[in-house]
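Trainee: Enclosed is the structure file protein23.cif (mmCIF, C-alpha atoms and all ligand atoms).
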data_target
loop_
_atom_site.label_atom_id
_atom_site.label_comp_id
_atom_site.auth_asym_id
_atom_site.auth_seq_id
_atom_site.Cartn_x
_atom_site.Cartn_y
_atom_site.Cartn_z
CA MET A 4 -16.63 17.82 -13.91
CA VAL A 5 -17.94 14.41 -13.07
CA CYS A 6 -19.58 13.53 -9.78
CA CYS A 7 -21.69 10.44 -9.60
CA VAL A 8 -21.60 8.69 -6.24
CA THR A 9 -22.35 11.25 -3.56
CA PRO A 10 -25.58 12.61 -5.15
CA THR A 11 -27.21 9.45 -3.81
CA HIS A 12 -26.32 10.48 -0.24
CA THR A 13 -29.67 12.17 0.28
CA HIS A 14 -29.88 11.73 4.08
CA LEU A 15 -26.41 13.07 4.58
CA ARG A 16 -27.10 16.14 2.48
CA ASP A 17 -30.19 16.87 4.59
CA THR A 18 -28.73 16.32 8.03
CA ASP A 19 -25.13 17.40 7.55
CA PRO A 20 -24.50 19.48 4.45
CA ASP A 21 -20.96 20.36 5.62
CA VAL A 22 -19.81 16.77 5.68
CA ALA A 23 -21.79 16.01 2.51
CA GLU A 24 -20.03 18.85 0.72
CA ALA A 25 -16.61 17.70 1.91
CA ILE A 26 -17.34 14.21 0.57
CA ALA A 27 -18.59 15.60 -2.72
CA GLY A 28 -15.49 17.80 -2.88
CA GLU A 29 -13.26 14.80 -2.33
CA GLU A 30 -15.07 12.91 -5.04
CA ARG A 31 -14.55 15.79 -7.47
CA ARG A 32 -10.88 15.88 -6.46
CA GLN A 33 -10.47 12.19 -7.19
CA GLU A 34 -12.31 12.44 -10.51
CA ASN A 35 -10.49 15.51 -11.74
CA ASN A 36 -6.92 14.76 -10.72
CA LEU A 37 -4.51 11.99 -11.59
CA GLU A 38 -3.98 9.97 -8.41
CA MET A 39 -0.44 8.59 -8.51
CA ILE A 40 0.23 8.03 -4.83
CA ALA A 41 1.46 4.44 -4.94
CA SER A 42 -0.52 3.30 -1.89
CA GLU A 43 -3.88 4.59 -3.13
CA ASN A 44 -6.60 3.17 -5.32
CA HIS A 45 -10.31 3.48 -6.09
CA VAL A 46 -12.64 0.79 -4.71
CA SER A 47 -15.82 -0.24 -6.50
CA GLU A 48 -19.22 1.13 -5.61
CA ALA A 49 -20.06 -2.39 -4.36
CA VAL A 50 -17.24 -2.23 -1.81
CA MET A 51 -18.40 1.23 -0.69
CA GLU A 52 -21.98 0.02 -0.30
CA ALA A 53 -20.81 -2.83 1.94
CA GLN A 54 -18.71 -0.41 3.99
CA GLY A 55 -21.52 2.13 4.32
CA SER A 56 -24.01 -0.43 5.66
CA VAL A 57 -25.72 -1.52 8.90
CA MET A 58 -22.73 -3.78 9.51
CA THR A 59 -21.22 -0.76 11.29
CA ASN A 60 -23.85 -1.08 14.05
CA LYS A 61 -22.87 -4.50 15.34
CA TYR A 62 -20.45 -5.70 17.98
CA ALA A 63 -18.86 -9.01 17.03
CA GLU A 64 -15.92 -9.47 19.41
CA GLY A 65 -14.45 -12.91 18.96
CA TYR A 66 -14.29 -14.94 15.76
CA PRO A 67 -16.93 -16.68 13.57
CA GLY A 68 -18.76 -19.31 15.61
CA GLU A 69 -17.29 -18.07 18.89
CA ARG A 70 -18.49 -14.54 19.52
CA TYR A 71 -18.95 -12.70 22.78
CA TYR A 72 -22.23 -11.17 21.56
CA GLY A 73 -25.55 -12.58 20.37
CA GLY A 74 -27.03 -11.88 16.96
CA CYS A 75 -23.82 -12.44 15.05
CA GLU A 76 -25.04 -14.86 12.37
CA HIS A 77 -24.68 -12.34 9.54
CA MET A 78 -21.35 -11.18 10.94
CA ASP A 79 -20.16 -14.76 10.74
CA THR A 80 -21.32 -14.96 7.13
CA VAL A 81 -19.33 -11.95 5.95
CA GLU A 82 -16.25 -12.70 8.01
CA ASN A 83 -16.18 -16.31 6.77
CA LEU A 84 -16.61 -15.10 3.19
CA ALA A 85 -13.69 -12.70 3.61
CA ILE A 86 -11.53 -15.45 5.14
CA ASP A 87 -12.43 -18.12 2.58
CA ARG A 88 -11.88 -15.78 -0.36
CA ALA A 89 -8.54 -14.63 1.04
CA LYS A 90 -7.48 -18.27 1.47
CA GLN A 91 -8.43 -18.91 -2.13
CA LEU A 92 -6.55 -15.84 -3.36
CA PHE A 93 -3.35 -16.43 -1.41
CA GLY A 94 -3.31 -20.14 -0.58
CA ALA A 95 -2.78 -19.38 3.10
CA GLU A 96 -3.55 -21.91 5.84
CA HIS A 97 -4.94 -19.31 8.22
CA VAL A 98 -6.24 -15.79 7.65
CA ASN A 99 -7.26 -13.11 10.14
CA VAL A 100 -9.22 -10.29 8.47
CA GLN A 101 -9.84 -8.25 11.63
CA PRO A 102 -6.79 -5.93 11.78
CA HIS A 103 -8.04 -2.35 11.44
CA SER A 104 -5.03 -1.48 9.28
CA GLY A 105 -1.73 -2.79 7.98
CA THR A 106 0.07 -1.31 10.97
CA GLN A 107 -2.30 -3.15 13.29
CA ALA A 108 -1.63 -6.35 11.38
CA ASN A 109 2.09 -5.95 12.01
CA MET A 110 1.38 -5.17 15.64
CA GLY A 111 -0.59 -8.41 15.86
CA VAL A 112 2.39 -10.42 14.66
CA TYR A 113 4.80 -8.66 17.03
CA PHE A 114 2.41 -9.16 19.98
CA ALA A 115 2.01 -12.81 19.03
CA MET A 116 5.73 -13.55 18.84
CA LEU A 117 7.73 -10.95 20.78
CA ASP A 118 8.19 -9.66 24.30
CA PRO A 119 9.18 -6.03 24.84
CA GLY A 120 12.93 -5.74 24.32
CA ASP A 121 13.05 -8.51 21.70
CA LYS A 122 14.78 -7.82 18.41
CA ILE A 123 13.39 -6.81 15.01
CA MET A 124 15.47 -6.47 11.87
CA SER A 125 13.87 -4.60 8.97
CA LEU A 126 14.41 -2.41 5.92
CA ASP A 127 15.39 1.20 6.67
CA LEU A 128 12.57 3.71 6.17
CA ASN A 129 14.84 5.81 3.92
CA HIS A 130 15.39 2.76 1.75
CA GLY A 131 11.70 1.95 1.38
CA GLY A 132 10.70 0.46 4.77
CA HIS A 133 7.67 1.40 6.89
CA LEU A 134 7.12 3.14 10.24
CA SER A 135 5.62 -0.05 11.70
CA HIS A 136 8.87 -1.92 11.01
CA GLY A 137 10.61 -0.42 14.02
CA HIS A 138 10.87 3.33 13.43
CA HIS A 139 11.56 5.21 16.66
CA VAL A 140 8.41 7.37 16.38
CA ASN A 141 6.26 4.22 16.17
CA PHE A 142 5.38 1.74 18.94
CA SER A 143 7.45 -0.85 17.10
CA GLY A 144 10.61 1.18 17.59
CA GLN A 145 9.75 1.97 21.20
CA LEU A 146 8.92 -1.55 22.40
CA TYR A 147 11.58 -3.52 20.57
CA GLU A 148 15.27 -3.36 19.80
CA VAL A 149 15.65 -2.61 16.11
CA GLU A 150 18.38 -2.88 13.55
CA GLN A 151 17.83 -2.05 9.91
CA TYR A 152 19.20 -3.24 6.62
CA GLY A 153 19.39 -1.12 3.50
CA VAL A 154 19.85 -1.21 -0.22
CA ASP A 155 23.20 -1.04 -2.00
CA PRO A 156 23.62 2.69 -2.77
CA GLU A 157 25.11 1.86 -6.19
CA THR A 158 22.48 -0.57 -7.46
CA GLY A 159 19.43 0.30 -5.38
CA TYR A 160 18.96 -3.44 -4.74
CA ILE A 161 19.01 -5.23 -1.38
CA ASP A 162 22.30 -7.07 -0.86
CA TYR A 163 21.15 -10.35 0.70
CA ASP A 164 24.66 -11.47 1.63
CA GLU A 165 24.94 -8.37 3.74
CA VAL A 166 21.51 -8.99 5.28
CA ALA A 167 22.67 -12.50 6.22
CA GLU A 168 25.84 -11.16 7.83
CA GLN A 169 23.93 -8.49 9.71
CA ALA A 170 21.38 -11.06 10.95
CA ALA A 171 24.13 -13.37 12.18
CA GLU A 172 25.64 -10.51 14.14
CA PHE A 173 22.44 -8.95 15.51
CA GLY A 174 20.50 -12.15 16.26
CA PRO A 175 16.96 -10.86 15.54
CA ASP A 176 13.80 -12.61 16.74
CA ILE A 177 11.89 -11.43 13.68
CA ILE A 178 13.18 -10.39 10.27
CA VAL A 179 10.71 -8.12 8.51
CA SER A 180 10.64 -7.88 4.72
CA GLY A 181 8.35 -5.82 2.53
CA SER A 182 8.32 -2.11 1.81
CA SER A 183 6.56 1.09 0.89
CA ALA A 184 8.99 2.34 -1.72
CA TYR A 185 11.37 -0.47 -2.77
CA PRO A 186 10.65 -0.93 -6.49
CA ARG A 187 12.02 -4.47 -6.79
CA GLU A 188 10.75 -7.91 -5.81
CA PHE A 189 11.93 -9.25 -2.49
CA GLU A 190 13.60 -12.65 -2.52
CA TRP A 191 11.22 -14.18 0.01
CA ASP A 192 12.82 -17.65 0.12
CA ARG A 193 16.23 -16.13 0.62
CA LEU A 194 14.98 -14.08 3.58
CA SER A 195 13.17 -17.08 5.08
CA ALA A 196 16.43 -19.05 4.86
CA ILE A 197 18.38 -16.19 6.47
CA ALA A 198 15.77 -16.07 9.26
CA ASP A 199 15.97 -19.85 9.72
CA ASP A 200 19.75 -19.70 10.05
CA VAL A 201 19.53 -17.31 12.99
CA ASP A 202 16.46 -18.94 14.53
CA ALA A 203 14.23 -15.95 13.75
CA HIS A 204 10.74 -15.76 12.31
CA HIS A 205 10.16 -14.11 8.94
CA LEU A 206 7.36 -11.55 8.63
CA ALA A 207 6.71 -10.56 5.02
CA ASP A 208 4.70 -7.32 4.87
CA ILE A 209 3.05 -7.20 1.43
CA ALA A 210 0.96 -4.09 2.22
CA HIS A 211 1.63 -2.42 -1.12
CA ILE A 212 1.57 -5.50 -3.32
CA THR A 213 -1.32 -7.49 -1.82
CA GLY A 214 -3.20 -7.29 -5.12
CA LEU A 215 -0.19 -8.15 -7.26
CA VAL A 216 0.53 -11.20 -5.10
CA ALA A 217 -3.16 -12.24 -5.15
CA ALA A 218 -3.13 -12.04 -8.95
CA GLY A 219 0.08 -14.07 -9.20
CA ILE A 220 1.88 -11.17 -10.91
CA HIS A 221 4.35 -10.80 -8.04
CA SER A 222 5.99 -13.76 -6.28
CA SER A 223 4.25 -14.78 -3.05
CA PRO A 224 5.84 -15.15 0.38
CA VAL A 225 2.92 -17.33 1.52
CA GLY A 226 4.38 -20.76 2.22
CA SER A 227 7.87 -19.47 2.92
CA ALA A 228 7.41 -16.63 5.43
CA ASP A 229 5.94 -17.51 8.85
CA PHE A 230 3.67 -14.47 8.72
CA VAL A 231 2.37 -12.40 5.83
CA THR A 232 0.64 -9.11 6.59
CA GLY A 233 -1.13 -6.85 4.14
CA SER A 234 -3.24 -3.80 3.56
CA THR A 235 -6.57 -4.31 1.87
CA HIS A 236 -6.82 -0.90 0.21
CA LYS A 237 -3.68 -0.55 -1.91
CA THR A 238 -3.22 -2.81 -4.96
CA ILE A 239 -6.17 -4.95 -3.83
CA ARG A 240 -9.34 -2.85 -3.86
CA ALA A 241 -11.12 -4.19 -0.78
CA GLY A 242 -11.43 -1.02 1.28
CA ARG A 243 -9.30 0.41 4.06
CA GLY A 244 -7.96 -2.23 6.47
CA GLY A 245 -5.41 -4.94 7.17
CA MET A 246 -5.04 -8.72 7.24
CA ILE A 247 -2.68 -11.40 8.52
CA MET A 248 -1.90 -14.74 6.93
CA THR A 249 -0.04 -17.47 8.73
CA THR A 250 0.31 -21.21 9.20
CA ASP A 251 -1.90 -23.36 11.41
CA GLU A 252 1.00 -23.47 13.85
CA HIS A 253 0.77 -19.74 14.64
CA ALA A 254 -2.97 -19.28 14.03
CA ASP A 255 -4.03 -19.18 17.67
CA ALA A 256 -1.26 -16.84 18.73
CA VAL A 257 -2.11 -14.39 15.94
CA ASP A 258 -5.85 -14.48 16.59
CA LYS A 259 -5.33 -13.85 20.30
CA ALA A 260 -2.89 -11.04 19.62
CA ILE A 261 -5.46 -9.22 17.45
CA PHE A 262 -8.43 -9.89 19.75
CA PRO A 263 -8.36 -9.49 22.72
CA GLY A 264 -4.65 -8.53 22.59
CA GLY A 265 -4.66 -5.37 20.50
CA GLN A 266 -8.19 -4.57 19.35
CA GLY A 267 -11.77 -4.65 20.58
CA GLY A 268 -14.76 -5.12 18.30
CA PRO A 269 -13.88 -5.78 14.66
CA LEU A 270 -14.98 -3.17 12.09
CA MET A 271 -17.57 -5.45 10.53
CA HIS A 272 -18.57 -2.96 7.82
CA ASN A 273 -14.94 -2.96 6.66
CA ILE A 274 -14.80 -6.75 6.86
CA ALA A 275 -17.88 -6.83 4.62
CA GLY A 276 -15.96 -4.54 2.24
CA LYS A 277 -12.98 -6.88 2.38
CA ALA A 278 -15.22 -9.83 1.47
CA VAL A 279 -16.57 -7.95 -1.56
CA GLY A 280 -13.14 -6.73 -2.69
CA PHE A 281 -11.60 -10.19 -2.33
CA GLY A 282 -14.51 -11.60 -4.34
CA GLU A 283 -13.78 -9.06 -7.09
CA ALA A 284 -10.10 -10.05 -7.01
CA LEU A 285 -11.08 -13.67 -7.65
CA GLU A 286 -12.65 -12.66 -10.99
CA SER A 287 -10.45 -13.38 -13.99
CA ASP A 288 -10.23 -9.72 -15.05
CA PHE A 289 -8.37 -8.89 -11.84
CA VAL A 290 -5.30 -10.62 -13.25
CA ASP A 291 -5.53 -8.37 -16.33
CA TYR A 292 -5.74 -5.38 -14.00
CA ALA A 293 -2.67 -6.40 -12.00
CA GLU A 294 -0.69 -7.09 -15.19
CA GLN A 295 -1.60 -3.66 -16.53
CA VAL A 296 -0.57 -2.01 -13.23
CA VAL A 297 2.96 -3.39 -13.64
CA SER A 298 3.09 -2.78 -17.38
CA ASN A 299 2.08 0.83 -16.81
CA ALA A 300 4.81 1.28 -14.20
CA LYS A 301 7.43 -0.11 -16.59
CA THR A 302 6.15 2.23 -19.31
CA LEU A 303 6.56 5.18 -16.95
CA ALA A 304 10.07 4.00 -16.05
CA ASP A 305 11.01 4.09 -19.76
CA VAL A 306 9.62 7.60 -20.22
CA PHE A 307 11.55 8.91 -17.20
CA THR A 308 14.76 7.14 -18.11
CA ASP A 309 14.60 8.54 -21.67
CA ALA A 310 14.17 12.01 -20.14
CA GLY A 311 17.27 11.55 -17.96
CA ILE A 312 15.35 11.13 -14.68
CA GLN A 313 16.73 8.21 -12.71
CA PRO A 314 14.37 5.63 -11.22
CA VAL A 315 16.10 4.11 -8.15
CA SER A 316 17.45 0.64 -9.12
CA GLY A 317 17.00 1.56 -12.79
CA GLY A 318 13.33 0.62 -13.03
CA THR A 319 10.63 -1.43 -11.35
CA ASP A 320 9.20 -4.94 -10.95
CA LYS A 321 5.91 -3.72 -9.59
CA HIS A 322 3.43 -0.86 -9.31
CA LEU A 323 5.71 2.00 -8.26
CA LEU A 324 8.80 3.99 -9.12
CA LEU A 325 11.03 5.95 -6.85
CA LEU A 326 12.50 8.85 -8.81
CA ASP A 327 15.79 10.25 -7.61
CA LEU A 328 15.90 13.88 -8.80
CA ARG A 329 19.41 14.68 -7.57
CA GLU A 330 21.16 14.24 -10.92
CA SER A 331 18.51 15.42 -13.35
CA HIS A 332 17.08 18.25 -11.22
CA PRO A 333 19.64 19.09 -8.50
CA ASP A 334 17.85 22.28 -7.51
CA LEU A 335 14.37 20.75 -7.33
CA THR A 336 13.51 19.07 -4.03
CA GLY A 337 10.96 16.29 -3.69
CA GLU A 338 8.72 18.72 -1.86
CA GLU A 339 8.87 21.27 -4.69
CA ALA A 340 8.28 18.56 -7.28
CA GLU A 341 5.22 17.35 -5.34
CA ASP A 342 3.83 20.91 -5.21
CA ALA A 343 4.57 21.62 -8.89
CA LEU A 344 2.74 18.45 -9.92
CA ASP A 345 -0.11 19.14 -7.51
CA ASP A 346 -0.64 22.49 -9.26
CA VAL A 347 -1.39 20.70 -12.52
CA GLY A 348 -3.63 18.01 -11.04
CA ILE A 349 -1.08 15.20 -10.71
CA THR A 350 -0.91 13.83 -7.16
CA VAL A 351 2.34 12.16 -6.06
CA ASN A 352 4.28 12.16 -2.82
CA LYS A 353 7.77 13.37 -2.02
CA ASN A 354 9.94 10.51 -0.80
CA THR A 355 13.40 10.04 0.63
CA VAL A 356 15.83 8.18 -1.62
CA PRO A 357 18.70 5.86 -0.68
CA GLY A 358 21.61 8.03 0.49
CA GLU A 359 19.18 10.89 1.21
CA THR A 360 20.81 14.14 2.34
CA ARG A 361 17.67 16.27 2.77
CA SER A 362 15.13 16.01 5.59
CA PRO A 363 12.07 13.72 5.25
CA PHE A 364 9.90 16.86 4.91
CA VAL A 365 11.95 18.06 1.94
CA THR A 366 13.53 14.96 0.30
CA SER A 367 15.24 14.50 -3.06
CA GLY A 368 12.75 12.19 -4.68
CA ILE A 369 9.17 11.45 -5.54
CA ARG A 370 7.29 8.17 -5.48
CA VAL A 371 4.97 7.50 -8.39
CA GLY A 372 2.48 4.64 -8.57
CA THR A 373 0.07 3.27 -11.16
CA PRO A 374 -2.66 1.30 -9.27
CA ALA A 375 -5.29 4.06 -9.15
CA LEU A 376 -4.89 5.25 -12.75
CA THR A 377 -4.97 1.65 -13.97
CA THR A 378 -8.29 1.21 -12.16
CA ARG A 379 -9.58 4.16 -14.23
CA GLY A 380 -8.58 2.31 -17.39
CA PHE A 381 -5.23 3.92 -18.24
CA ASP A 382 -3.31 1.72 -20.70
CA ASP A 383 0.35 1.99 -21.71
CA ASP A 384 -0.31 4.77 -24.24
CA ALA A 385 -2.25 6.89 -21.77
CA MET A 386 0.37 6.22 -19.09
CA ALA A 387 3.18 7.29 -21.43
CA THR A 388 1.31 10.57 -21.95
CA VAL A 389 1.09 11.03 -18.17
CA GLY A 390 4.84 10.36 -17.89
CA GLU A 391 5.55 13.00 -20.51
CA LEU A 392 3.36 15.51 -18.66
CA ILE A 393 5.29 14.83 -15.44
CA VAL A 394 8.63 15.31 -17.20
CA GLU A 395 7.40 18.55 -18.80
CA ARG A 396 6.32 19.88 -15.41
CA LEU A 397 9.53 18.88 -13.61
CA ASN A 398 11.52 20.61 -16.35
CA ASN A 399 9.39 23.77 -16.02
CA PRO A 400 8.26 23.92 -12.40
CA ASP A 401 7.70 27.69 -12.41
CA ASP A 402 6.25 28.24 -15.88
CA ALA A 403 2.56 29.21 -15.67
CA ASP A 404 1.91 28.75 -19.42
CA VAL A 405 3.32 25.24 -19.40
CA ALA A 406 1.33 24.53 -16.26
CA SER A 407 -1.91 25.59 -17.87
CA GLU A 408 -1.28 23.44 -20.96
CA ILE A 409 -0.56 20.44 -18.76
CA ARG A 410 -3.67 21.06 -16.67
CA ASP A 411 -5.78 21.05 -19.88
CA GLU A 412 -4.28 17.73 -20.85
CA VAL A 413 -4.93 16.32 -17.35
CA ASP A 414 -8.57 17.47 -17.64
CA ARG A 415 -8.88 15.71 -20.98
CA LEU A 416 -7.47 12.45 -19.55
CA CYS A 417 -9.75 12.62 -16.49
CA ALA A 418 -12.80 13.04 -18.72
CA GLU A 419 -11.70 10.17 -20.97
CA PHE A 420 -11.13 7.82 -17.99
CA PRO A 421 -13.79 8.51 -15.33
CA VAL A 422 -13.44 6.79 -11.94
CA TYR A 423 -17.13 6.37 -11.14
CA GLU A 424 -19.43 6.45 -14.16
C1 LIG A 501 0.97 1.02 3.88
C2 LIG A 501 1.85 0.10 4.60
C3 LIG A 501 1.47 -0.51 5.80
C4 LIG A 501 0.14 -0.29 6.46
O1 LIG A 501 -0.28 0.93 6.59
P1 LIG A 501 -1.68 1.32 7.25
O2 LIG A 501 -1.78 2.73 6.85
O3 LIG A 501 -1.54 1.10 8.70
O4 LIG A 501 -2.73 0.41 6.65
C5 LIG A 501 2.31 -1.42 6.39
N1 LIG A 501 3.48 -1.73 5.82
C6 LIG A 501 3.89 -1.18 4.67
C7 LIG A 501 5.19 -1.61 4.09
C8 LIG A 501 3.10 -0.24 4.02
O5 LIG A 501 3.51 0.32 2.89
#
Is it possible to express this structure as C-alpha cells?

Mentor:
Amino acid sequence: MVCCVTPTHTHLRDTDPDVAEAIAGEERRQENNLEMIASENHVSEAVMEAQGSVMTNKYAEGYPGERYYGGCEHMDTVENLAIDRAKQLFGAEHVNVQPHSGTQANMGVYFAMLDPGDKIMSLDLNHGGHLSHGHHVNFSGQLYEVEQYGVDPETGYIDYDEVAEQAAEFGPDIIVSGSSAYPREFEWDRLSAIADDVDAHHLADIAHITGLVAAGIHSSPVGSADFVTGSTHKTIRAGRGGMIMTTDEHADAVDKAIFPGGQGGPLMHNIAGKAVGFGEALESDFVDYAEQVVSNAKTLADVFTDAGIQPVSGGTDKHLLLLDLRESHPDLTGEEAEDALDDVGITVNKNTVPGETRSPFVTSGIRVGTPALTTRGFDDDAMATVGELIVERLNNPDDADVASEIRDEVDRLCAEFPVYE
C-alpha cells in the first residue's frame, strides 16, 4: 500500500481527522486500483499545491487589469499565465479560464449567444453526448428548444449528411459537437460548414479531449468552431474546472456571460492550478503522454476485439472505448460489469450504447478510458495485460477464485506503476 501525499497534511490531521482520513482513504483507493473512468486523471503534486494555496482566500471578480476588488496583482499574474499558456497550447484568439466547470463553460456560451426558447442541436446522450448539451434534466434542456442527432446504429459513426438534413429542417441557433463517449474524431470543419449553411453558431465541446487537442494528437476545432469549451481535469491535467476559447469577435459576450452573467468570484486557486497544468502541457513530454494515451486505447481495442467484445464503431481514435456487451455477454448488464470489475480493483463506468434498450442505471455497455493509467506510466504491454484481466473478469463475473487471481495481478500492477511516488 502506497500513500505519499496526504501524510504532509499535518494541520488537517490535527484539526479534522475525519476529513484527513477520508482524503487518505481516497488516496489509497487511487493508488491501489486501476482508474479507467475515461473522464478522470491524476494531476501532479505541483497542480495540487497551487490548488491548495492562499489563492482560495481572495475575491477577484472581473478580469485581469479590471477587477472589482483591490489587492489583485497576484491574481492577475496567475490568471494571465493561465490565459497565455492556453493561447499557446490551442492557438485561440481569446481564452476565458474562469468557468468553474465544463458545464459552466457551455452555459457561458449559451448565455452569450442565446435567448430562452432558442434552438440547440446536439449529439444524443445515449450516443455519447453530455447533459449540458440540452438534456431535459439539465438547465440547457429546460431553457432551450433541443433536437439531437445520433450515430448510425450500424457503423457507430456520425452520419454528417443526416446532420446537415436535420439542421436544415430544425434551424438551430447553435450546433453543439463534442462528446463524453463517442470514440471517433469529430469532423469539425464539416460541422462548422453545416452550421454556416443554416446561419447557426458552432460550439465544439472538447471536454474529454482537451489534452489530446493541446498536444496536437487529435484534430483541433479552434479556428473553425465559433466557440470551443473544455474541461481542465480530463486528458489535460490542470485540475478540476472549465475554459472557453473563442474569437475576438465573441470575446466580450463570452466574458460577460461568465462574469457577471453566470458566476461570481472566480476560483482563483483553481485558476492557479490551471496555469500550472497548462505549463506542464507545454513541456515536450506531454506530447509523448498524449500519444501513449491513444496508443494504449487502441491496444485495448485490439484485446477486446480478439476476445469477441465489440467496441462501438469497431475501435477508437482517442482515449476511450465504448464496449457494447450485448453480443458477447447478453446476460451481463453494464451495471453488473461495472460491479464485477470494481470487485477486482478496476474502476470503469456503465454506459448506454447506441440503440440502448436498458435503462441508464442498468445499460448494456461500459466505457473504458486510458488517461489515468497512462499518467501512471502504463505502456502498451501493461495496457494489454489490463485488457486481458478485464476480459477474464467479464467472462467469469461470479467466480471468486478468478477474482482473487485478478486482484493479485491488479495489486502487482499498482505497485509497479505508483501514482504519487
Ligand atoms: C465532462 C464533460 C463536460 C463537463 O463536465 P463538468 O463535470 O461540468 O466539468 C462537458 N461536456 C462534455 C462532453 C463532457 O464529457

Trainee: Which one of A:Asp79, A:Glu395, A:Asp327, A:Asp21 sits closest to Ala310 in chain A if you count only C-alpha atoms?

Mentor: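 Ranked by minimum distance to Ala310 in chain A, first place goes to A:Glu395.
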
Trainee: Have a look at A:Met248, A:Ala284, A:Ala171, A:Cys417 and name the one nearest to Leu206 in chain A; count only C-alpha atoms.

Mentor: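 Closest residue, counting only C-alpha atoms: A:Met248.
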
Trainee: Using all atoms listed in the file, find each residue in chain A having at least one atom no more than 8 Å away from ligand LIG 501 (chain A); report its shortest atom-to-atom pair and that distance in Å (one decimal), rows by chain then rising number, as a Markdown table.

Mentor:
| residue | atom | partner | partner_atom | distance |
| --- | --- | --- | --- | --- |
| A:Ser42 | CA | A:LIG501 | C1 | 6.4 |
| A:His103 | CA | A:LIG501 | O4 | 7.7 |
| A:Ser104 | CA | A:LIG501 | O4 | 4.0 |
| A:Gly105 | CA | A:LIG501 | C4 | 3.5 |
| A:Thr106 | CA | A:LIG501 | O3 | 3.7 |
| A:Gln107 | CA | A:LIG501 | O3 | 6.3 |
| A:Ala108 | CA | A:LIG501 | O3 | 7.9 |
| A:Asn109 | CA | A:LIG501 | C5 | 7.2 |
| A:Gly131 | CA | A:LIG501 | C7 | 7.9 |
| A:Gly132 | CA | A:LIG501 | C7 | 5.9 |
| A:His133 | CA | A:LIG501 | C7 | 4.8 |
| A:Leu134 | CA | A:LIG501 | N1 | 7.5 |
| A:Ser135 | CA | A:LIG501 | C5 | 6.4 |
| A:His136 | CA | A:LIG501 | N1 | 7.5 |
| A:Gly181 | CA | A:LIG501 | C7 | 5.5 |
| A:Ser182 | CA | A:LIG501 | C7 | 3.9 |
| A:Ser183 | CA | A:LIG501 | O5 | 3.7 |
| A:Ala184 | CA | A:LIG501 | O5 | 7.4 |
| A:Asp208 | CA | A:LIG501 | C7 | 5.8 |
| A:Ile209 | CA | A:LIG501 | C7 | 6.6 |
| A:Ala210 | CA | A:LIG501 | C8 | 4.8 |
| A:His211 | CA | A:LIG501 | O5 | 5.2 |
| A:Thr232 | CA | A:LIG501 | C5 | 7.9 |
| A:Gly233 | CA | A:LIG501 | C5 | 6.8 |
| A:Ser234 | CA | A:LIG501 | O4 | 5.2 |
| A:Thr235 | CA | A:LIG501 | O4 | 7.7 |
| A:His236 | CA | A:LIG501 | O4 | 7.7 |
| A:Lys237 | CA | A:LIG501 | C1 | 7.6 |
| A:Arg243 | CA | A:LIG501 | O4 | 7.1 |
| A:Gly244 | CA | A:LIG501 | O4 | 5.9 |
| A:Gly245 | CA | A:LIG501 | O4 | 6.0 |

Trainee: Dump C-alpha atoms for the selected residues as a CSV table (one decimal), in the coordinates of the input?

Mentor:
chain,number,residue,atom,x,y,z
A,42,SER,CA,-0.5,3.3,-1.9
A,103,HIS,CA,-8.0,-2.4,11.4
A,104,SER,CA,-5.0,-1.5,9.3
A,105,GLY,CA,-1.7,-2.8,8.0
A,106,THR,CA,0.1,-1.3,11.0
A,107,GLN,CA,-2.3,-3.2,13.3
A,108,ALA,CA,-1.6,-6.4,11.4
A,109,ASN,CA,2.1,-6.0,12.0
A,131,GLY,CA,11.7,2.0,1.4
A,132,GLY,CA,10.7,0.5,4.8
A,133,HIS,CA,7.7,1.4,6.9
A,134,LEU,CA,7.1,3.1,10.2
A,135,SER,CA,5.6,0.0,11.7
A,136,HIS,CA,8.9,-1.9,11.0
A,181,GLY,CA,8.4,-5.8,2.5
A,182,SER,CA,8.3,-2.1,1.8
A,183,SER,CA,6.6,1.1,0.9
A,184,ALA,CA,9.0,2.3,-1.7
A,208,ASP,CA,4.7,-7.3,4.9
A,209,ILE,CA,3.0,-7.2,1.4
A,210,ALA,CA,1.0,-4.1,2.2
A,211,HIS,CA,1.6,-2.4,-1.1
A,232,THR,CA,0.6,-9.1,6.6
A,233,GLY,CA,-1.1,-6.8,4.1
A,234,SER,CA,-3.2,-3.8,3.6
A,235,THR,CA,-6.6,-4.3,1.9
A,236,HIS,CA,-6.8,-0.9,0.2
A,237,LYS,CA,-3.7,-0.6,-1.9
A,243,ARG,CA,-9.3,0.4,4.1
A,244,GLY,CA,-8.0,-2.2,6.5
A,245,GLY,CA,-5.4,-4.9,7.2

Trainee: Find the residue from A:Gln33, A:Gln295, A:Ser222, A:Ser56 that sits nearest to Gly380 in chain A; use only C-alpha atoms when measuring.

Mentor: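 The closest residue to Gly380 in chain A is A:Gln295.
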
Trainee: Taking into account all atoms listed in the file, which residue in the set A:Thr18, A:Gln313, A:Ser367, A:Thr80 is nearest to Glu338 in chain A?

Mentor: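 Ranking A:Thr18, A:Gln313, A:Ser367, A:Thr80 by distance to Glu338 in chain A, first place goes to A:Ser367.
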
Trainee: Quick one: residues within 9 Å of range 360-363 of chain A, only C-alpha atoms, excluding same-chain residues fewer than 5 positions away - as a short mmCIF file (atom, residue, chain, number, x, y, z; two decimals) with C-alpha atoms, in the frame of the given file?

Mentor:
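Result file follows (around_13.cif):
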data_model
loop_
_atom_site.label_atom_id
_atom_site.label_comp_id
_atom_site.auth_asym_id
_atom_site.auth_seq_id
_atom_site.Cartn_x
_atom_site.Cartn_y
_atom_site.Cartn_z
CA ASN A 129 14.84 5.81 3.92
CA THR A 336 13.51 19.07 -4.03
CA LYS A 353 7.77 13.37 -2.02
CA ASN A 354 9.94 10.51 -0.80
CA THR A 355 13.40 10.04 0.63
#

Trainee: Just checking: using all atoms listed in the file, which residue out of A:Glu172, A:Asp121, A:Glu69, A:Glu330 ends up closest to Val149 in chain A?

Mentor: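 Distance minimum relative to Val149 in chain A lands on A:Asp121.
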
Trainee: Which residues are near Ile86 in chain A? Cut-off 9 Å, all atoms listed in the file, ignore same chain within fewer than 5 positions. Put them as a ChimeraX atom specification.

Mentor: /A:81,91,97-100,278

Trainee: Restricting it to C-alpha atoms, dump the selection as a compact mmCIF listing (two decimals), in the frame of the given file.

Mentor:
# COMPACT_ATOMS: atom_id res chain seq x y z
CA VAL A 81 -19.33 -11.95 5.95
CA GLN A 91 -8.43 -18.91 -2.13
CA HIS A 97 -4.94 -19.31 8.22
CA VAL A 98 -6.24 -15.79 7.65
CA ASN A 99 -7.26 -13.11 10.14
CA VAL A 100 -9.22 -10.29 8.47
CA ALA A 278 -15.22 -9.83 1.47
